[in-house]
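Below is structure.cif, holding mmCIF, C-alpha atoms; chains and numbers go by the auth columns.
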```cif
data_entry
loop_
_atom_site.group_PDB
_atom_site.id
_atom_site.type_symbol
_atom_site.label_atom_id
_atom_site.label_comp_id
_atom_site.label_asym_id
_atom_site.label_seq_id
_atom_site.Cartn_x
_atom_site.Cartn_y
_atom_site.Cartn_z
_atom_site.B_iso_or_equiv
_atom_site.auth_seq_id
_atom_site.auth_asym_id
ATOM 1 C CA MET A 1 60.005 -19.739 -27.393 0.00 81 A
ATOM 2 C CA VAL A 2 60.545 -22.795 -29.485 0.00 82 A
ATOM 3 C CA GLU A 3 63.420 -25.013 -28.397 0.00 83 A
ATOM 4 C CA THR A 4 62.765 -28.144 -30.343 0.00 84 A
ATOM 5 C CA GLY A 5 59.698 -29.197 -32.268 0.00 85 A
ATOM 6 C CA GLU A 6 57.576 -29.244 -29.117 0.00 86 A
ATOM 7 C CA LYS A 7 55.524 -26.244 -27.979 0.00 87 A
ATOM 8 C CA THR A 8 57.129 -24.369 -25.051 0.00 88 A
ATOM 9 C CA LEU A 9 55.906 -21.616 -22.801 0.00 89 A
ATOM 10 C CA SER A 10 57.789 -18.877 -20.945 0.00 90 A
ATOM 11 C CA PRO A 11 57.364 -18.372 -17.181 0.00 91 A
ATOM 12 C CA LYS A 12 55.283 -15.256 -17.923 0.00 92 A
ATOM 13 C CA GLU A 13 52.923 -17.264 -20.133 0.00 93 A
ATOM 14 C CA VAL A 14 52.680 -19.960 -17.446 0.00 94 A
ATOM 15 C CA ARG A 15 51.829 -17.314 -14.832 0.00 95 A
ATOM 16 C CA ASN A 16 49.052 -15.999 -17.073 0.00 96 A
ATOM 17 C CA ILE A 17 47.680 -19.458 -17.885 0.00 97 A
ATOM 18 C CA LEU A 18 47.685 -20.648 -14.256 0.00 98 A
ATOM 19 C CA ASN A 19 46.810 -17.204 -12.876 0.00 99 A
ATOM 20 C CA ALA A 20 49.494 -17.770 -10.236 0.00 100 A
ATOM 21 C CA ASP A 21 52.643 -16.043 -9.036 0.00 101 A
ATOM 22 C CA ASN A 22 56.144 -17.546 -9.147 0.00 102 A
ATOM 23 C CA LYS A 23 55.909 -18.920 -5.626 0.00 103 A
ATOM 24 C CA GLU A 24 52.708 -20.842 -6.416 0.00 104 A
ATOM 25 C CA ILE A 25 54.242 -22.173 -9.644 0.00 105 A
ATOM 26 C CA VAL A 26 57.292 -23.402 -7.713 0.00 106 A
ATOM 27 C CA GLU A 27 54.983 -25.202 -5.243 0.00 107 A
ATOM 28 C CA LEU A 28 53.004 -26.772 -8.099 0.00 108 A
ATOM 29 C CA CYS A 29 56.243 -27.886 -9.760 0.00 109 A
ATOM 30 C CA LYS A 30 57.325 -29.571 -6.514 0.00 110 A
ATOM 31 C CA GLN A 31 53.986 -31.370 -6.233 0.00 111 A
ATOM 32 C CA ALA A 32 54.127 -32.472 -9.874 0.00 112 A
ATOM 33 C CA SER A 33 57.856 -33.320 -9.704 0.00 113 A
ATOM 34 C CA ILE A 34 58.543 -31.032 -12.654 0.00 114 A
ATOM 35 C CA LEU A 35 61.898 -29.313 -13.095 0.00 115 A
ATOM 36 C CA PRO A 36 61.736 -26.308 -15.435 0.00 116 A
ATOM 37 C CA LYS A 37 64.212 -26.492 -18.289 0.00 117 A
ATOM 38 C CA LYS A 38 66.552 -23.793 -19.557 0.00 118 A
ATOM 39 C CA ASN A 39 67.336 -23.005 -23.183 0.00 119 A
ATOM 40 C CA THR A 40 70.760 -22.233 -24.557 0.00 120 A
ATOM 41 C CA LYS A 41 70.393 -18.586 -23.518 0.00 121 A
ATOM 42 C CA GLY A 42 69.692 -19.655 -19.907 0.00 122 A
ATOM 43 C CA GLN A 43 66.015 -18.706 -20.055 0.00 123 A
ATOM 44 C CA THR A 44 63.528 -20.918 -18.214 0.00 124 A
ATOM 45 C CA TYR A 45 60.734 -22.588 -20.184 0.00 125 A
ATOM 46 C CA PHE A 46 58.002 -25.179 -19.714 0.00 126 A
ATOM 47 C CA SER A 47 56.631 -27.660 -22.187 0.00 127 A
ATOM 48 C CA TYR A 48 52.951 -27.493 -23.061 0.00 128 A
ATOM 49 C CA ASP A 49 52.407 -30.942 -21.469 0.00 129 A
ATOM 50 C CA GLU A 50 54.090 -29.795 -18.223 0.00 130 A
ATOM 51 C CA VAL A 51 51.800 -26.778 -18.014 0.00 131 A
ATOM 52 C CA LYS A 52 48.775 -29.036 -18.622 0.00 132 A
ATOM 53 C CA HIS A 53 49.974 -31.239 -15.767 0.00 133 A
ATOM 54 C CA LEU A 54 50.528 -28.195 -13.487 0.00 134 A
ATOM 55 C CA ARG A 55 47.009 -27.010 -14.332 0.00 135 A
ATOM 56 C CA GLN A 56 45.560 -30.415 -13.371 0.00 136 A
ATOM 57 C CA ILE A 57 47.345 -30.347 -10.024 0.00 137 A
ATOM 58 C CA GLN A 58 46.198 -26.758 -9.458 0.00 138 A
ATOM 59 C CA SER A 59 42.566 -27.689 -10.149 0.00 139 A
ATOM 60 C CA GLN A 60 42.800 -30.706 -7.810 0.00 140 A
ATOM 61 C CA LYS A 61 44.153 -28.423 -5.131 0.00 141 A
ATOM 62 C CA PHE A 62 41.001 -26.265 -5.242 0.00 142 A
ATOM 63 C CA LEU A 63 38.384 -29.001 -5.679 0.00 143 A
ATOM 64 C CA PRO A 64 38.006 -30.290 -2.129 0.00 144 A
ATOM 65 C CA ALA A 65 37.081 -26.862 -0.785 0.00 145 A
ATOM 66 C CA GLU A 66 34.483 -28.348 1.530 0.00 146 A
ATOM 67 C CA ARG A 67 37.037 -30.348 3.497 0.00 147 A
ATOM 68 C CA PRO A 68 39.105 -27.402 4.681 0.00 148 A
ATOM 69 C CA ASN A 69 35.927 -25.488 5.518 0.00 149 A
ATOM 70 C CA SER A 70 34.487 -28.407 7.444 0.00 150 A
ATOM 71 C CA ALA A 71 37.830 -28.930 9.165 0.00 151 A
ATOM 72 C CA ILE A 72 37.959 -25.248 10.062 0.00 152 A
ATOM 73 C CA THR A 73 34.362 -25.420 11.249 0.00 153 A
ATOM 74 C CA ASN A 74 35.200 -28.449 13.403 0.00 154 A
ATOM 75 C CA ILE A 75 38.232 -26.675 14.850 0.00 155 A
ATOM 76 C CA LEU A 76 36.180 -23.543 15.569 0.00 156 A
ATOM 77 C CA ASN A 77 33.449 -25.619 17.214 0.00 157 A
ATOM 78 C CA SER A 78 36.051 -27.390 19.346 0.00 158 A
ATOM 79 C CA ILE A 79 37.561 -24.056 20.387 0.00 159 A
ATOM 80 C CA ARG A 80 34.100 -22.685 21.261 0.00 160 A
ATOM 81 C CA SER A 81 33.362 -25.802 23.281 0.00 161 A
ATOM 82 C CA MET A 82 36.679 -25.518 25.155 0.00 162 A
ATOM 83 C CA GLU A 83 36.025 -21.820 25.765 0.00 163 A
ATOM 84 C CA GLU A 84 32.576 -22.541 27.233 0.00 164 A
ATOM 85 C CA THR A 85 33.961 -25.363 29.383 0.00 165 A
ATOM 86 C CA LEU A 86 36.784 -23.157 30.679 0.00 166 A
ATOM 87 C CA SER A 87 34.394 -20.276 31.343 0.00 167 A
ATOM 88 C CA ASP A 88 32.049 -22.574 33.281 0.00 168 A
ATOM 89 C CA LYS A 89 34.898 -24.034 35.338 0.00 169 A
ATOM 90 C CA ILE A 90 36.358 -20.599 36.116 0.00 170 A
ATOM 91 C CA ALA A 91 32.915 -19.263 37.099 0.00 171 A
ATOM 92 C CA LYS A 92 32.378 -22.274 39.376 0.00 172 A
ATOM 93 C CA VAL A 93 35.754 -21.778 41.105 0.00 173 A
ATOM 94 C CA ILE A 94 35.107 -18.045 41.561 0.00 174 A
ATOM 95 C CA ASP A 95 31.642 -18.749 42.981 0.00 175 A
ATOM 96 C CA GLU A 96 33.101 -21.276 45.436 0.00 176 A
ATOM 97 C CA LYS A 97 35.806 -18.837 46.538 0.00 177 A
ATOM 98 C CA LEU A 98 33.339 -15.966 46.964 0.00 178 A
ATOM 99 C CA GLU A 99 30.706 -18.097 48.689 0.00 179 A
ATOM 100 C CA GLY A 100 31.791 -17.128 52.215 0.00 180 A
ATOM 101 C CA MET A 101 32.438 -13.490 51.334 0.00 181 A
ATOM 102 C CA ASP A 102 28.859 -12.393 52.161 0.00 182 A
ATOM 103 C CA GLU A 103 29.297 -13.563 55.738 0.00 183 A
ATOM 104 C CA VAL A 104 32.692 -11.860 55.945 0.00 184 A
ATOM 105 C CA VAL A 105 31.229 -8.566 54.701 0.00 185 A
ATOM 106 C CA VAL A 106 28.369 -8.747 57.246 0.00 186 A
ATOM 107 C CA GLU A 107 30.895 -9.478 60.016 0.00 187 A
ATOM 108 C CA LEU A 108 33.077 -6.541 58.901 0.00 188 A
ATOM 109 C CA ILE A 109 30.070 -4.197 58.998 0.00 189 A
ATOM 110 C CA ARG A 110 29.162 -5.451 62.481 0.00 190 A
ATOM 111 C CA CYS A 111 32.749 -4.922 63.661 0.00 191 A
ATOM 112 C CA LYS A 112 32.814 -1.407 62.215 0.00 192 A
ATOM 113 C CA THR A 113 29.569 -0.568 63.995 0.00 193 A
ATOM 114 C CA ASP A 114 30.923 -1.992 67.281 0.00 194 A
ATOM 115 C CA ASN A 115 34.126 -0.013 66.795 0.00 195 A
ATOM 116 C CA GLU A 116 32.186 3.249 66.317 0.00 196 A
ATOM 117 C CA THR A 117 30.090 2.484 69.417 0.00 197 A
ATOM 118 C CA LEU A 118 33.238 1.840 71.483 0.00 198 A
ATOM 119 C CA LYS A 119 34.829 5.079 70.222 0.00 199 A
ATOM 120 C CA GLN A 120 31.752 6.997 71.355 0.00 200 A
ATOM 121 C CA LYS A 121 31.902 5.275 74.773 0.00 201 A
ATOM 122 C CA ILE A 122 35.557 6.283 75.114 0.00 202 A
ATOM 123 C CA ILE A 123 34.642 9.893 74.313 0.00 203 A
ATOM 124 C CA ASP A 124 31.819 9.811 76.881 0.00 204 A
ATOM 125 C CA LEU A 125 34.084 8.224 79.548 0.00 205 A
ATOM 126 C CA ASN A 126 36.767 10.840 78.894 0.00 206 A
ATOM 127 C CA LYS A 127 34.196 13.595 79.438 0.00 207 A
ATOM 128 C CA GLU A 128 33.009 11.927 82.651 0.00 208 A
ATOM 129 C CA MET A 129 36.599 11.486 83.883 0.00 209 A
ATOM 130 C CA TYR A 130 37.305 15.180 83.192 0.00 210 A
ATOM 131 C CA GLN A 131 34.232 16.155 85.214 0.00 211 A
ATOM 132 C CA LEU A 132 35.210 13.805 88.066 0.00 212 A
ATOM 133 C CA LYS A 133 38.746 15.248 88.157 0.00 213 A
ATOM 134 C CA ASN A 134 37.294 18.746 88.338 0.00 214 A
ATOM 135 C CA ASP A 135 35.010 17.638 91.169 0.00 215 A
ATOM 136 C CA LEU A 136 37.938 16.020 92.974 0.00 216 A
ATOM 137 C CA ASN A 137 40.035 19.159 92.600 0.00 217 A
ATOM 138 C CA SER A 138 37.234 21.208 94.125 0.00 218 A
ATOM 139 C CA TYR A 139 37.885 19.613 97.555 0.00 219 A
ATOM 140 C CA LYS A 140 40.542 21.028 99.903 0.00 220 A
ATOM 141 C CA HIS A 141 42.275 18.913 102.519 0.00 221 A
ATOM 142 C CA VAL A 142 41.494 20.282 105.959 0.00 222 A
ATOM 143 C CA GLY A 143 43.339 17.677 108.042 0.00 223 A
ATOM 144 C CA LEU A 144 42.599 14.516 109.941 0.00 224 A
ATOM 145 C CA GLY A 145 41.335 12.971 106.725 0.00 225 A
ATOM 146 C CA LEU A 146 38.661 15.649 106.279 0.00 226 A
ATOM 147 C CA TYR A 147 38.020 17.620 103.097 0.00 227 A
ATOM 148 C CA LYS A 148 36.053 20.753 102.500 0.00 228 A
ATOM 149 C CA LYS A 149 34.515 21.652 99.167 0.00 229 A
ATOM 150 C CA LYS A 150 35.877 24.854 97.716 0.00 230 A
ATOM 151 C CA GLU A 151 33.443 27.401 96.500 0.00 231 A
ATOM 152 C CA ARG A 152 33.647 27.711 92.758 0.00 232 A
ATOM 153 C CA HIS A 153 32.742 30.782 90.989 0.00 233 A
ATOM 154 C CA VAL A 154 31.170 30.171 87.674 0.00 234 A
ATOM 155 C CA TRP A 155 31.587 33.065 85.349 0.00 235 A
ATOM 156 C CA GLU A 156 29.085 33.025 82.627 0.00 236 A
#
```
This structure in structure tokens:
Amino acid sequence: MVETGEKTLSPKEVRNILNADNKEIVELCKQASILPKKNTKGQTYFSYDEVKHLRQIQSQKFLPAERPNSAITNILNSIRSMEETLSDKIAKVIDEKLEGMDEVVVELIRCKTDNETLKQKIIDLNKEMYQLKNDLNSYKHVGLGLYKKKERHVWE
């Protein structure tokens, strides 16, 4: 594509030279303040000098690779530190809240044991009351406040 006497390159050639897609080329053009030109047919083209300038900006973009990595490393370290701090604080709060739970569990076990003992006592007292009622019913009122024990026949 030759427009004037100066060497020009098509967008396809620019993509190949910069090894970049259209989106990256647009971003590089914004950074370099380059506006692609159009020929009389409406086709976009770049001058050789513009492409050289885009290539310089592209290479500068990739040079300080250590900075982003160190920044990412710093961010990751900060996140790890915050995570450890939060974990420690949460563990401390949980420990404080559960501190008295051992005593509560022991008290619950004691109460359950007492409850079982009282249930057994109720059962025993009910048996005794049944026997006492049977004994009481075995007496017959004779008069003048006197009672006589009835003879019970036990069939076995």
So for region 223-229 of chain A, what box centre and size do we get, axis-aligned, 5 Å extra on each of the six sides, every listed atom, Å to one decimal, as AutoDock Vina command-line options?
```
--center_x 38.9 --center_y 17.3 --center_z 104.6 --size_x 18.8 --size_y 18.7 --size_z 20.8
```
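Counting only C-alpha atoms, the residue from A:Tyr125, A:Leu108, A:Lys118, A:Asp194 that sits nearest to Pro91 (chain A) is A:Tyr125.
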Open item on the list: Quick check, in Å to one decimal: how far apart do CA of Lys228 (chain A) and CA of Tyr210 (chain A) lie?
Closed with: 20.1 Å
Open item on the list: Excluding Arg95 (chain A) and its own-chain neighbours fewer than 2 positions away, which residues fall within 12 Å of it when counting only C-alpha atoms? Please give them as a PyMOL selection string.
Closed with: chain A and resi 89-93+97-106+108+125-126+131+134-135
- [ ] Measuring atom to atom with only C-alpha atoms, identify which of A:Lys87, A:Arg160, A:Lys207, A:Lys172 is nearest to Lys132 (chain A).
- [x] A:Lys87
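For the atom pair formed by CA of Glu176 (chain A) and CA of Asn157 (chain A), the distance is 28.6 Å, given to one decimal.
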Could you add N, CA and C atoms to region 178-212 of chain A and give me the result as a PDB file, in the frame of the given file?
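So part22.pdb came out as:
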```pdb
ATOM      1  N   LEU A 178      34.058 -17.132  46.468  1.00  0.00           N
ATOM      2  CA  LEU A 178      33.339 -15.966  46.964  1.00  0.00           C
ATOM      3  C   LEU A 178      32.148 -16.335  47.837  1.00  0.00           C
ATOM      4  N   GLU A 179      31.870 -17.636  47.945  1.00  0.00           N
ATOM      5  CA  GLU A 179      30.706 -18.097  48.689  1.00  0.00           C
ATOM      6  C   GLU A 179      30.662 -17.548  50.112  1.00  0.00           C
ATOM      7  N   GLY A 180      31.760 -17.585  50.829  1.00  0.00           N
ATOM      8  CA  GLY A 180      31.791 -17.128  52.215  1.00  0.00           C
ATOM      9  C   GLY A 180      31.983 -15.634  52.366  1.00  0.00           C
ATOM     10  N   MET A 181      32.155 -14.924  51.258  1.00  0.00           N
ATOM     11  CA  MET A 181      32.438 -13.490  51.334  1.00  0.00           C
ATOM     12  C   MET A 181      31.253 -12.697  51.885  1.00  0.00           C
ATOM     13  N   ASP A 182      30.021 -13.116  51.632  1.00  0.00           N
ATOM     14  CA  ASP A 182      28.859 -12.393  52.161  1.00  0.00           C
ATOM     15  C   ASP A 182      28.907 -12.346  53.679  1.00  0.00           C
ATOM     16  N   GLU A 183      29.212 -13.489  54.279  1.00  0.00           N
ATOM     17  CA  GLU A 183      29.297 -13.563  55.738  1.00  0.00           C
ATOM     18  C   GLU A 183      30.432 -12.685  56.257  1.00  0.00           C
ATOM     19  N   VAL A 184      31.548 -12.678  55.536  1.00  0.00           N
ATOM     20  CA  VAL A 184      32.692 -11.860  55.945  1.00  0.00           C
ATOM     21  C   VAL A 184      32.320 -10.385  55.885  1.00  0.00           C
ATOM     22  N   VAL A 185      31.627  -9.966  54.839  1.00  0.00           N
ATOM     23  CA  VAL A 185      31.229  -8.566  54.701  1.00  0.00           C
ATOM     24  C   VAL A 185      30.291  -8.171  55.827  1.00  0.00           C
ATOM     25  N   VAL A 186      29.297  -9.038  56.146  1.00  0.00           N
ATOM     26  CA  VAL A 186      28.369  -8.747  57.246  1.00  0.00           C
ATOM     27  C   VAL A 186      29.137  -8.618  58.556  1.00  0.00           C
ATOM     28  N   GLU A 187      30.089  -9.515  58.792  1.00  0.00           N
ATOM     29  CA  GLU A 187      30.895  -9.478  60.016  1.00  0.00           C
ATOM     30  C   GLU A 187      31.732  -8.198  60.077  1.00  0.00           C
ATOM     31  N   LEU A 188      32.301  -7.788  58.940  1.00  0.00           N
ATOM     32  CA  LEU A 188      33.077  -6.541  58.901  1.00  0.00           C
ATOM     33  C   LEU A 188      32.197  -5.333  59.229  1.00  0.00           C
ATOM     34  N   ILE A 189      30.984  -5.309  58.701  1.00  0.00           N
ATOM     35  CA  ILE A 189      30.070  -4.197  58.998  1.00  0.00           C
ATOM     36  C   ILE A 189      29.728  -4.181  60.483  1.00  0.00           C
ATOM     37  N   ARG A 190      29.462  -5.362  61.055  1.00  0.00           N
ATOM     38  CA  ARG A 190      29.162  -5.451  62.481  1.00  0.00           C
ATOM     39  C   ARG A 190      30.347  -4.952  63.302  1.00  0.00           C
ATOM     40  N   CYS A 191      31.547  -5.352  62.933  1.00  0.00           N
ATOM     41  CA  CYS A 191      32.749  -4.922  63.661  1.00  0.00           C
ATOM     42  C   CYS A 191      32.936  -3.410  63.562  1.00  0.00           C
ATOM     43  N   LYS A 192      32.665  -2.858  62.382  1.00  0.00           N
ATOM     44  CA  LYS A 192      32.814  -1.407  62.215  1.00  0.00           C
ATOM     45  C   LYS A 192      31.810  -0.665  63.109  1.00  0.00           C
ATOM     46  N   THR A 193      30.591  -1.183  63.137  1.00  0.00           N
ATOM     47  CA  THR A 193      29.569  -0.568  63.995  1.00  0.00           C
ATOM     48  C   THR A 193      29.982  -0.644  65.459  1.00  0.00           C
ATOM     49  N   ASP A 194      30.443  -1.825  65.905  1.00  0.00           N
ATOM     50  CA  ASP A 194      30.923  -1.992  67.281  1.00  0.00           C
ATOM     51  C   ASP A 194      32.068  -1.041  67.576  1.00  0.00           C
ATOM     52  N   ASN A 195      32.972  -0.897  66.636  1.00  0.00           N
ATOM     53  CA  ASN A 195      34.126  -0.013  66.795  1.00  0.00           C
ATOM     54  C   ASN A 195      33.668   1.435  66.986  1.00  0.00           C
ATOM     55  N   GLU A 196      32.705   1.885  66.185  1.00  0.00           N
ATOM     56  CA  GLU A 196      32.186   3.249  66.317  1.00  0.00           C
ATOM     57  C   GLU A 196      31.511   3.435  67.678  1.00  0.00           C
ATOM     58  N   THR A 197      30.753   2.415  68.108  1.00  0.00           N
ATOM     59  CA  THR A 197      30.090   2.484  69.417  1.00  0.00           C
ATOM     60  C   THR A 197      31.123   2.607  70.534  1.00  0.00           C
ATOM     61  N   LEU A 198      32.183   1.800  70.458  1.00  0.00           N
ATOM     62  CA  LEU A 198      33.238   1.840  71.483  1.00  0.00           C
ATOM     63  C   LEU A 198      33.973   3.187  71.472  1.00  0.00           C
ATOM     64  N   LYS A 199      34.195   3.761  70.296  1.00  0.00           N
ATOM     65  CA  LYS A 199      34.829   5.079  70.222  1.00  0.00           C
ATOM     66  C   LYS A 199      33.966   6.126  70.941  1.00  0.00           C
ATOM     67  N   GLN A 200      32.661   6.048  70.703  1.00  0.00           N
ATOM     68  CA  GLN A 200      31.752   6.997  71.355  1.00  0.00           C
ATOM     69  C   GLN A 200      31.772   6.807  72.866  1.00  0.00           C
ATOM     70  N   LYS A 201      31.822   5.548  73.330  1.00  0.00           N
ATOM     71  CA  LYS A 201      31.902   5.275  74.773  1.00  0.00           C
ATOM     72  C   LYS A 201      33.178   5.856  75.361  1.00  0.00           C
ATOM     73  N   ILE A 202      34.284   5.726  74.643  1.00  0.00           N
ATOM     74  CA  ILE A 202      35.557   6.283  75.114  1.00  0.00           C
ATOM     75  C   ILE A 202      35.435   7.799  75.241  1.00  0.00           C
ATOM     76  N   ILE A 203      34.826   8.432  74.269  1.00  0.00           N
ATOM     77  CA  ILE A 203      34.642   9.893  74.313  1.00  0.00           C
ATOM     78  C   ILE A 203      33.799  10.271  75.538  1.00  0.00           C
ATOM     79  N   ASP A 204      32.691   9.523  75.735  1.00  0.00           N
ATOM     80  CA  ASP A 204      31.819   9.811  76.881  1.00  0.00           C
ATOM     81  C   ASP A 204      32.555   9.595  78.204  1.00  0.00           C
ATOM     82  N   LEU A 205      33.335   8.499  78.314  1.00  0.00           N
ATOM     83  CA  LEU A 205      34.084   8.224  79.548  1.00  0.00           C
ATOM     84  C   LEU A 205      35.151   9.278  79.794  1.00  0.00           C
ATOM     85  N   ASN A 206      35.777   9.771  78.745  1.00  0.00           N
ATOM     86  CA  ASN A 206      36.767  10.840  78.894  1.00  0.00           C
ATOM     87  C   ASN A 206      36.119  12.114  79.424  1.00  0.00           C
ATOM     88  N   LYS A 207      34.922  12.419  78.931  1.00  0.00           N
ATOM     89  CA  LYS A 207      34.196  13.595  79.438  1.00  0.00           C
ATOM     90  C   LYS A 207      33.865  13.405  80.917  1.00  0.00           C
ATOM     91  N   GLU A 208      33.366  12.209  81.261  1.00  0.00           N
ATOM     92  CA  GLU A 208      33.009  11.927  82.651  1.00  0.00           C
ATOM     93  C   GLU A 208      34.238  11.999  83.547  1.00  0.00           C
ATOM     94  N   MET A 209      35.361  11.461  83.106  1.00  0.00           N
ATOM     95  CA  MET A 209      36.599  11.486  83.883  1.00  0.00           C
ATOM     96  C   MET A 209      37.050  12.934  84.092  1.00  0.00           C
ATOM     97  N   TYR A 210      36.939  13.774  83.076  1.00  0.00           N
ATOM     98  CA  TYR A 210      37.305  15.180  83.192  1.00  0.00           C
ATOM     99  C   TYR A 210      36.440  15.870  84.257  1.00  0.00           C
ATOM    100  N   GLN A 211      35.134  15.567  84.218  1.00  0.00           N
ATOM    101  CA  GLN A 211      34.232  16.155  85.214  1.00  0.00           C
ATOM    102  C   GLN A 211      34.572  15.657  86.617  1.00  0.00           C
ATOM    103  N   LEU A 212      34.860  14.367  86.755  1.00  0.00           N
ATOM    104  CA  LEU A 212      35.210  13.805  88.066  1.00  0.00           C
ATOM    105  C   LEU A 212      36.512  14.410  88.594  1.00  0.00           C
TER     106      LEU A 212
END
```
